[in-house]
Amino acid sequence: MTNYFFRFSLAFLVLACQGNTVPQFRVHPADSKVRLSQDIFYEKILPTMAGKKVMLATNPSGIGTNPKKIISSFEKHNITLEHLIGLEHGFLGLEEEFSQTPVTMDSTFNRPLYHIYRIKDSELRDLVREVDYVLFDVQDVGMRCYTYLSVLKRLMDALKNTKTKIIVLDHIHVAMHLPPMGEKMSPRHLNFAGEFPSLLITGMTTGEAAIFYNKEYLKESVDLNVIPVEGYKRNMYFEDTGIPWTTPSPNLPMVDSARNYLSLVLLEGVNVSVGRGTQAPFVYFGAPWMTNPEELATKLSSLGNKSYYFSTVYFKPTFGPHKGKICSGLRMNLVRPDYDPMLLAYELIRLLKETYPNDFKWSKGSTNHWVDQLWGNDHFRTSISEGKTYSEFHNTYLGEEEKEKKRIKPYLLY
């Protein structure tokens, strides 16, 4: 009996240990040690705004995920929601296209929604003077071309030397482990996706970027209050935090989409679909002319030190390039988050051009190539066209990255 009990206990322990070896992909929110800025805002900051007027810039990636709570909390403290700011994808984060009109009426709050990319700077300045606070709360991805930093800049420019205060609720994003990467925007290529004065990968959170811009460019002329996330350390990946992913735009529905975006966004400068209008945007990419995607996958397999791999896929986008057409292409499968997105972007587009020389094209608008407007200048495109290696390309601006890393360091919160 004793021997049987011993063997039973041993078998139970073995099974229990095996159960503990199941990999955990991310921290469960119930086990998170990180406190969100919106929780701090509702508890500590909102009560101090009693009786005031507010302009709100948010979407479901921020406090906009719970409009009823905004309405009830504002009513409780007699706070008037005067204006809403419409971001690129609308208040609910569902719109693929920019609004064609400067102002629409929001049905959720029954308030005017001002689309900041459509209204004049003078009009925005008049609007912010009508309120006591501007409240800014959206999830960023750590890239200049993701237009929410352009919105933040425009709001802060309008607030310069006014009595209106701005409160920025900070967020942890998927590029926290990366330093500033890429180059600055040249005046010739300036556009709404490149207004914030940083490198392509900023190296900053939204809150850090606000502090940086206020100090370096506005000489602290804006009354700024950044609400940091509590309990976060910069060496933690997003999946380590236990923070739930809240979709900031239609094409970043998953954490993997956001991580892939760091490199695949530059594919929007060439004639392929990045999976917009599919179930896997910024995971799928391809075109009807990518007739042998396996060849491209093989060429890409030596990159990334096994941080990712590519598998073949077929899809039909309902939005963007090749809308309604069957595309053959690749799916980016992320294994580890510690990959170099600039290296992948460069090599991916270089190999696309090499593999499909008769079909590959740089997409162009009325004046500039789209990839130039994303990167900030024509250096990325011309280096690929001239056959330069990534090392040759990167070495030309490596000093700029090192300089930017030192410049932003005093403004980092984590």
# chains A, B, ... in the order shown; residues from 1 in each chain; ligands from 1

call {"tool": "residues_around", "arguments": {"residues": "Gln279 in chain A", "least_positions_apart": "2", "cutoff": "12 Å", "atoms": "only C-alpha atoms", "output": "PyMOL selection string"}}
result
chain A and resi 250-254+257+274-277+281-285+314-319+331

call {"tool": "residues_around", "arguments": {"residues": "range 320-327 of chain A", "least_positions_apart": "6", "cutoff": "8 Å", "atoms": "only C-alpha atoms", "output": "ChimeraX atom specification"}}
result
/A:271-273,276-277,286-290,314

call {"tool": "atom_distance", "arguments": {"atom1": "CA of Leu152 in chain A", "atom2": "CA of Tyr346 in chain A"}}
result
28.7 Å

call {"tool": "residues_around", "arguments": {"residues": "Asn292 in chain A", "least_positions_apart": "4", "cutoff": "9 Å", "atoms": "only C-alpha atoms", "output": "list in words"}}
result
Leu296, Ser328 and Gly329 of chain A

call {"tool": "atom_distance", "arguments": {"atom1": "CA of Met156 in chain A", "atom2": "CA of Lys403 in chain A"}}
result
24.6 Å

call {"tool": "select_by_dssp", "arguments": {"residues": "range 189-359 of chain A", "states": "helix (DSSP H, G or I)", "output": "VMD selection string"}}
result
chain A and resid 189 192 to 194 206 to 216 238 to 241 255 to 269 293 to 300 304 to 306 341 to 355

call {"tool": "closest_atom_pairs", "arguments": {"of": "range 240-310 of chain A", "to": "range 163-174 of chain A", "cutoff": "8 Å", "atoms": "only C-alpha atoms", "output": "CSV"}}
result
residue,atom,partner,partner_atom,distance
A:Val255,CA,A:Val174,CA,7.6
A:Ala258,CA,A:Val174,CA,6.8
A:Arg259,CA,A:Val174,CA,6.0

call {"tool": "write_last_selection", "arguments": {"atoms": "C-alpha atoms", "output": "PDB file, in the first residue's frame"}}
result
ATOM      1  CA  VAL A 255      -0.527  42.909 -31.039  1.00  0.00           C
ATOM      2  CA  ALA A 258       1.184  46.340 -34.412  1.00  0.00           C
ATOM      3  CA  ARG A 259       4.584  44.657 -34.111  1.00  0.00           C
TER       4      ARG A 259
END

call {"tool": "atom_distance", "arguments": {"atom1": "CA of Glu88 in chain A", "atom2": "CA of Thr147 in chain A"}}
result
7.1 Å

call {"tool": "select_by_dssp", "arguments": {"residues": "range 100-231 of chain A", "states": "strand (DSSP E)", "output": "ChimeraX atom specification"}}
result
/A:103-106,111-115,133-137,165-169,223-227

call {"tool": "closest_residue", "arguments": {"among": "A:Gly86, A:Gly51, A:Gly194, A:Gly203", "to": "Tyr146 in chain A", "atoms": "only C-alpha atoms"}}
result
A:Gly194

call {"tool": "closest_atom_pairs", "arguments": {"of": "range 226-319 of chain A", "to": "range 32-42 of chain A", "cutoff": "9 Å", "atoms": "only C-alpha atoms", "output": "tab-separated table"}}
result
residue	atom	partner	partner_atom	distance
A:Ile227	CA	A:Ser37	CA	5.7
A:Pro228	CA	A:Ser37	CA	5.7
A:Val229	CA	A:Ser37	CA	4.9
A:Glu230	CA	A:Arg35	CA	4.9
A:Gly231	CA	A:Val34	CA	4.6
A:Tyr232	CA	A:Val34	CA	5.8
A:Asp240	CA	A:Ser32	CA	8.3
A:Thr241	CA	A:Ser32	CA	5.9
A:Gly242	CA	A:Ser32	CA	4.6
A:Ile243	CA	A:Ser32	CA	7.1
